[in-house]
Amino acid sequence: MAAAPDPLIAWLLDELQPLAAQIGAIRARRMFSGAALYYDDIVFALVIRGTCYLRVDDLTRERFLAENCTPFSYERGGRTITMTGYLSAPAEALDGGPPLRDWARLAIEAALRDANAKAAKPKRARNTTTAARKAAAKRTLRKR
């Protein structure tokens with residue numbers, strides 16, 4: 001039997017329809033114990049345990065922190081892991097309407113900047129292990 005849809009996710013998708021009409025489709029997909037909201041196959045929000053966390057970067061983080069937004073964190077192996085790239089949505093955003101769309105737009109822009117920066121980075125040269133170098137040296141010696 002399929003799990004019942006999360007009402008918060010359904011509400012967010014409904015509230016973000018005017019934004020989606022301007023920029024393109026916004027969709028949700030289950031992820032871990034919650035869901036991720038996507039624009040153009042890029043995650044811009046997480047919805048976990050009844051909280052919406054929006055993507056931030058160096059250009060937007062201070063605006064979110066000024067609104068007392070908290071980072072997404074979870075427990076793993078007895079440690080708390082904090083993801084500073086996602087902060088809780090500001091209280092005013094949870095009223096819906098234009099404030100939610102404005103904050104979501106900031107999150108989408110941050111996610112797009114991050115995706116573009118990753119795509120622009122040159123690929124690193126393959127790092128060979130010591131064992132691989134030794135094996136290559138042995139092959140070279142055998143050929144002589």
# chains A, B, ... in the order shown; residues from 1 in each chain; ligands from 1

call {"tool": "select_by_dssp", "arguments": {"residues": "range 35-100 of chain A", "states": "strand (DSSP E)", "output": "PDB file with C-alpha atoms, in the first residue's frame"}}
result
ATOM      1  CA  ALA A  35      11.053  14.596   0.130  1.00  0.00           C
ATOM      2  CA  ALA A  36      13.035  16.937  -2.059  1.00  0.00           C
ATOM      3  CA  LEU A  37      11.589  19.721  -4.189  1.00  0.00           C
ATOM      4  CA  TYR A  38      13.152  20.035  -7.623  1.00  0.00           C
ATOM      5  CA  TYR A  39      13.370  22.688 -10.275  1.00  0.00           C
ATOM      6  CA  ILE A  42      18.094  20.424  -9.170  1.00  0.00           C
ATOM      7  CA  VAL A  43      17.118  20.134  -5.504  1.00  0.00           C
ATOM      8  CA  PHE A  44      16.217  23.491  -3.988  1.00  0.00           C
ATOM      9  CA  ALA A  45      14.299  22.376  -0.886  1.00  0.00           C
ATOM     10  CA  LEU A  46      14.017  19.474   1.546  1.00  0.00           C
ATOM     11  CA  VAL A  47      10.846  18.640   3.428  1.00  0.00           C
ATOM     12  CA  ILE A  48      11.630  16.433   6.404  1.00  0.00           C
ATOM     13  CA  THR A  51       9.870  21.259   8.206  1.00  0.00           C
ATOM     14  CA  CYS A  52      10.774  22.857   4.888  1.00  0.00           C
ATOM     15  CA  TYR A  53      14.468  23.602   4.420  1.00  0.00           C
ATOM     16  CA  LEU A  54      15.499  25.859   1.540  1.00  0.00           C
ATOM     17  CA  ARG A  55      18.839  25.847  -0.316  1.00  0.00           C
ATOM     18  CA  PRO A  71      20.200  24.468   9.422  1.00  0.00           C
ATOM     19  CA  PHE A  72      19.009  21.000   8.533  1.00  0.00           C
ATOM     20  CA  SER A  73      20.617  18.380  10.771  1.00  0.00           C
ATOM     21  CA  TYR A  74      20.238  14.676  11.449  1.00  0.00           C
ATOM     22  CA  GLU A  75      21.727  11.971  13.648  1.00  0.00           C
ATOM     23  CA  ARG A  76      24.069   9.343  12.239  1.00  0.00           C
ATOM     24  CA  ARG A  79      26.815  12.166  15.809  1.00  0.00           C
ATOM     25  CA  THR A  80      24.809  15.153  14.654  1.00  0.00           C
ATOM     26  CA  ILE A  81      25.406  15.986  10.989  1.00  0.00           C
ATOM     27  CA  THR A  82      24.539  19.577  10.049  1.00  0.00           C
ATOM     28  CA  MET A  83      23.983  20.601   6.437  1.00  0.00           C
ATOM     29  CA  THR A  84      24.576  24.350   6.325  1.00  0.00           C
ATOM     30  CA  GLY A  85      23.471  24.478   2.682  1.00  0.00           C
ATOM     31  CA  TYR A  86      19.822  24.080   3.735  1.00  0.00           C
ATOM     32  CA  LEU A  87      18.137  26.384   6.252  1.00  0.00           C
ATOM     33  CA  SER A  88      14.573  26.227   7.513  1.00  0.00           C
TER      34      SER A  88
END

call {"tool": "select_by_dssp", "arguments": {"residues": "chain A", "states": "alpha helix (DSSP H)", "output": "PyMOL selection string"}}
result
chain A and resi 7-15+17-23+61-66+97-120+130-143

call {"tool": "closest_residue", "arguments": {"among": "A:Ala120, A:Ile9, A:Ala25, A:Ala107", "to": "Arg61 in chain A", "atoms": "only C-alpha atoms"}}
result
A:Ala107

call {"tool": "residues_around", "arguments": {"residues": "Ile23 in chain A", "least_positions_apart": "4", "cutoff": "12 Å", "atoms": "only C-alpha atoms", "output": "list in words"}}
result
Leu16, Gln17, Pro18, Leu19, Tyr39, Asp40, Arg101, Ala104, Arg105, Ile108 and Glu109 of chain A

call {"tool": "atom_distance", "arguments": {"atom1": "CA of Arg113 in chain A", "atom2": "CA of Leu59 in chain A"}}
result
9.8 Å

call {"tool": "closest_residue", "arguments": {"among": "A:Leu112, A:Ala119, A:Arg49, A:Gln22", "to": "Gly34 in chain A", "atoms": "only C-alpha atoms"}}
result
A:Arg49

call {"tool": "closest_residue", "arguments": {"among": "A:Asp114, A:Pro90, A:Leu100, A:Asp57", "to": "Thr70 in chain A", "atoms": "only C-alpha atoms"}}
result
A:Pro90

call {"tool": "closest_residue", "arguments": {"among": "A:Asp102, A:Glu92, A:Asp41, A:Asp58", "to": "Gly24 in chain A", "atoms": "only C-alpha atoms"}}
result
A:Asp41

call {"tool": "atom_distance", "arguments": {"atom1": "CA of Trp103 in chain A", "atom2": "CA of Asn68 in chain A"}}
result
13.8 Å

call {"tool": "decode", "arguments": {"residues": "range 20-32 of chain A", "atoms": "all heavy atoms", "output": "PDB file, in the first residue's frame"}}
result
ATOM      1  N   ALA A  20       5.970  28.311 -10.594  1.00  0.00           N
ATOM      2  CA  ALA A  20       6.229  27.294 -11.616  1.00  0.00           C
ATOM      3  C   ALA A  20       5.706  27.750 -12.978  1.00  0.00           C
ATOM      4  O   ALA A  20       6.323  27.475 -14.009  1.00  0.00           O
ATOM      5  CB  ALA A  20       5.600  25.967 -11.214  1.00  0.00           C
ATOM      6  N   ALA A  21       4.599  28.471 -12.987  1.00  0.00           N
ATOM      7  CA  ALA A  21       4.048  28.968 -14.250  1.00  0.00           C
ATOM      8  C   ALA A  21       4.999  29.969 -14.900  1.00  0.00           C
ATOM      9  O   ALA A  21       5.042  30.094 -16.121  1.00  0.00           O
ATOM     10  CB  ALA A  21       2.684  29.613 -14.015  1.00  0.00           C
ATOM     11  N   GLN A  22       5.790  30.661 -14.086  1.00  0.00           N
ATOM     12  CA  GLN A  22       6.743  31.654 -14.607  1.00  0.00           C
ATOM     13  C   GLN A  22       8.068  31.021 -15.030  1.00  0.00           C
ATOM     14  O   GLN A  22       8.645  31.420 -16.037  1.00  0.00           O
ATOM     15  CB  GLN A  22       7.043  32.710 -13.544  1.00  0.00           C
ATOM     16  CG  GLN A  22       5.886  33.590 -13.199  1.00  0.00           C
ATOM     17  CD  GLN A  22       6.238  34.518 -12.035  1.00  0.00           C
ATOM     18  OE1 GLN A  22       7.285  34.398 -11.410  1.00  0.00           O
ATOM     19  NE2 GLN A  22       5.337  35.434 -11.736  1.00  0.00           N
ATOM     20  N   ILE A  23       8.570  30.061 -14.250  1.00  0.00           N
ATOM     21  CA  ILE A  23       9.929  29.566 -14.479  1.00  0.00           C
ATOM     22  C   ILE A  23      10.004  28.140 -15.016  1.00  0.00           C
ATOM     23  O   ILE A  23      11.018  27.744 -15.567  1.00  0.00           O
ATOM     24  CB  ILE A  23      10.785  29.665 -13.202  1.00  0.00           C
ATOM     25  CG1 ILE A  23      10.243  28.740 -12.096  1.00  0.00           C
ATOM     26  CG2 ILE A  23      10.883  31.105 -12.730  1.00  0.00           C
ATOM     27  CD1 ILE A  23      11.144  28.598 -10.900  1.00  0.00           C
ATOM     28  N   GLY A  24       8.968  27.346 -14.797  1.00  0.00           N
ATOM     29  CA  GLY A  24       8.985  25.947 -15.223  1.00  0.00           C
ATOM     30  C   GLY A  24       8.567  25.031 -14.084  1.00  0.00           C
ATOM     31  O   GLY A  24       8.367  25.473 -12.956  1.00  0.00           O
ATOM     32  N   ALA A  25       8.443  23.762 -14.402  1.00  0.00           N
ATOM     33  CA  ALA A  25       7.883  22.786 -13.462  1.00  0.00           C
ATOM     34  C   ALA A  25       8.687  22.683 -12.172  1.00  0.00           C
ATOM     35  O   ALA A  25       9.915  22.717 -12.171  1.00  0.00           O
ATOM     36  CB  ALA A  25       7.816  21.419 -14.127  1.00  0.00           C
ATOM     37  N   ILE A  26       7.962  22.547 -11.079  1.00  0.00           N
ATOM     38  CA  ILE A  26       8.511  22.252  -9.764  1.00  0.00           C
ATOM     39  C   ILE A  26       7.856  20.956  -9.333  1.00  0.00           C
ATOM     40  O   ILE A  26       6.638  20.820  -9.411  1.00  0.00           O
ATOM     41  CB  ILE A  26       8.205  23.387  -8.757  1.00  0.00           C
ATOM     42  CG1 ILE A  26       8.952  24.663  -9.166  1.00  0.00           C
ATOM     43  CG2 ILE A  26       8.579  22.972  -7.343  1.00  0.00           C
ATOM     44  CD1 ILE A  26       8.605  25.882  -8.340  1.00  0.00           C
ATOM     45  N   ARG A  27       8.670  20.002  -8.898  1.00  0.00           N
ATOM     46  CA  ARG A  27       8.111  18.699  -8.521  1.00  0.00           C
ATOM     47  C   ARG A  27       8.736  18.212  -7.232  1.00  0.00           C
ATOM     48  O   ARG A  27       9.766  18.730  -6.797  1.00  0.00           O
ATOM     49  CB  ARG A  27       8.330  17.683  -9.639  1.00  0.00           C
ATOM     50  CG  ARG A  27       9.764  17.397  -9.950  1.00  0.00           C
ATOM     51  CD  ARG A  27       9.925  16.447 -11.139  1.00  0.00           C
ATOM     52  NE  ARG A  27      11.315  16.261 -11.445  1.00  0.00           N
ATOM     53  CZ  ARG A  27      12.127  15.406 -10.834  1.00  0.00           C
ATOM     54  NH1 ARG A  27      11.660  14.631  -9.881  1.00  0.00           N
ATOM     55  NH2 ARG A  27      13.400  15.295 -11.168  1.00  0.00           N
ATOM     56  N   ALA A  28       8.098  17.233  -6.630  1.00  0.00           N
ATOM     57  CA  ALA A  28       8.596  16.628  -5.396  1.00  0.00           C
ATOM     58  C   ALA A  28       8.898  15.163  -5.646  1.00  0.00           C
ATOM     59  O   ALA A  28       8.240  14.516  -6.461  1.00  0.00           O
ATOM     60  CB  ALA A  28       7.554  16.763  -4.288  1.00  0.00           C
ATOM     61  N   ARG A  29       9.906  14.680  -4.946  1.00  0.00           N
ATOM     62  CA  ARG A  29      10.247  13.267  -5.028  1.00  0.00           C
ATOM     63  C   ARG A  29      10.698  12.802  -3.650  1.00  0.00           C
ATOM     64  O   ARG A  29      11.433  13.507  -2.961  1.00  0.00           O
ATOM     65  CB  ARG A  29      11.364  13.064  -6.050  1.00  0.00           C
ATOM     66  CG  ARG A  29      11.537  11.606  -6.418  1.00  0.00           C
ATOM     67  CD  ARG A  29      12.413  11.461  -7.618  1.00  0.00           C
ATOM     68  NE  ARG A  29      13.787  11.373  -7.143  1.00  0.00           N
ATOM     69  CZ  ARG A  29      14.852  11.492  -7.906  1.00  0.00           C
ATOM     70  NH1 ARG A  29      14.727  11.753  -9.181  1.00  0.00           N
ATOM     71  NH2 ARG A  29      16.047  11.381  -7.404  1.00  0.00           N
ATOM     72  N   ARG A  30      10.223  11.619  -3.261  1.00  0.00           N
ATOM     73  CA  ARG A  30      10.590  11.074  -1.956  1.00  0.00           C
ATOM     74  C   ARG A  30      12.100  10.937  -1.851  1.00  0.00           C
ATOM     75  O   ARG A  30      12.765  10.541  -2.796  1.00  0.00           O
ATOM     76  CB  ARG A  30       9.927   9.726  -1.726  1.00  0.00           C
ATOM     77  CG  ARG A  30       8.410   9.894  -1.678  1.00  0.00           C
ATOM     78  CD  ARG A  30       7.637   8.950  -0.817  1.00  0.00           C
ATOM     79  NE  ARG A  30       8.068   8.614   0.508  1.00  0.00           N
ATOM     80  CZ  ARG A  30       7.937   9.394   1.581  1.00  0.00           C
ATOM     81  NH1 ARG A  30       7.419  10.586   1.477  1.00  0.00           N
ATOM     82  NH2 ARG A  30       8.292   8.972   2.762  1.00  0.00           N
ATOM     83  N   MET A  31      12.614  11.269  -0.691  1.00  0.00           N
ATOM     84  CA  MET A  31      14.044  11.162  -0.457  1.00  0.00           C
ATOM     85  C   MET A  31      14.252  10.915   1.033  1.00  0.00           C
ATOM     86  O   MET A  31      13.747  11.682   1.862  1.00  0.00           O
ATOM     87  CB  MET A  31      14.733  12.463  -0.883  1.00  0.00           C
ATOM     88  CG  MET A  31      16.228  12.404  -0.814  1.00  0.00           C
ATOM     89  SD  MET A  31      16.946  13.802  -1.672  1.00  0.00           S
ATOM     90  CE  MET A  31      17.338  14.834  -0.292  1.00  0.00           C
ATOM     91  N   PHE A  32      14.959   9.857   1.361  1.00  0.00           N
ATOM     92  CA  PHE A  32      15.217   9.485   2.745  1.00  0.00           C
ATOM     93  C   PHE A  32      13.889   9.410   3.503  1.00  0.00           C
ATOM     94  O   PHE A  32      12.976   8.748   3.073  1.00  0.00           O
ATOM     95  CB  PHE A  32      16.206  10.445   3.402  1.00  0.00           C
ATOM     96  CG  PHE A  32      17.478  10.605   2.628  1.00  0.00           C
ATOM     97  CD1 PHE A  32      17.853  11.823   2.113  1.00  0.00           C
ATOM     98  CD2 PHE A  32      18.298   9.511   2.374  1.00  0.00           C
ATOM     99  CE1 PHE A  32      19.013  11.967   1.396  1.00  0.00           C
ATOM    100  CE2 PHE A  32      19.459   9.642   1.645  1.00  0.00           C
ATOM    101  CZ  PHE A  32      19.822  10.874   1.163  1.00  0.00           C
TER     102      PHE A  32
END
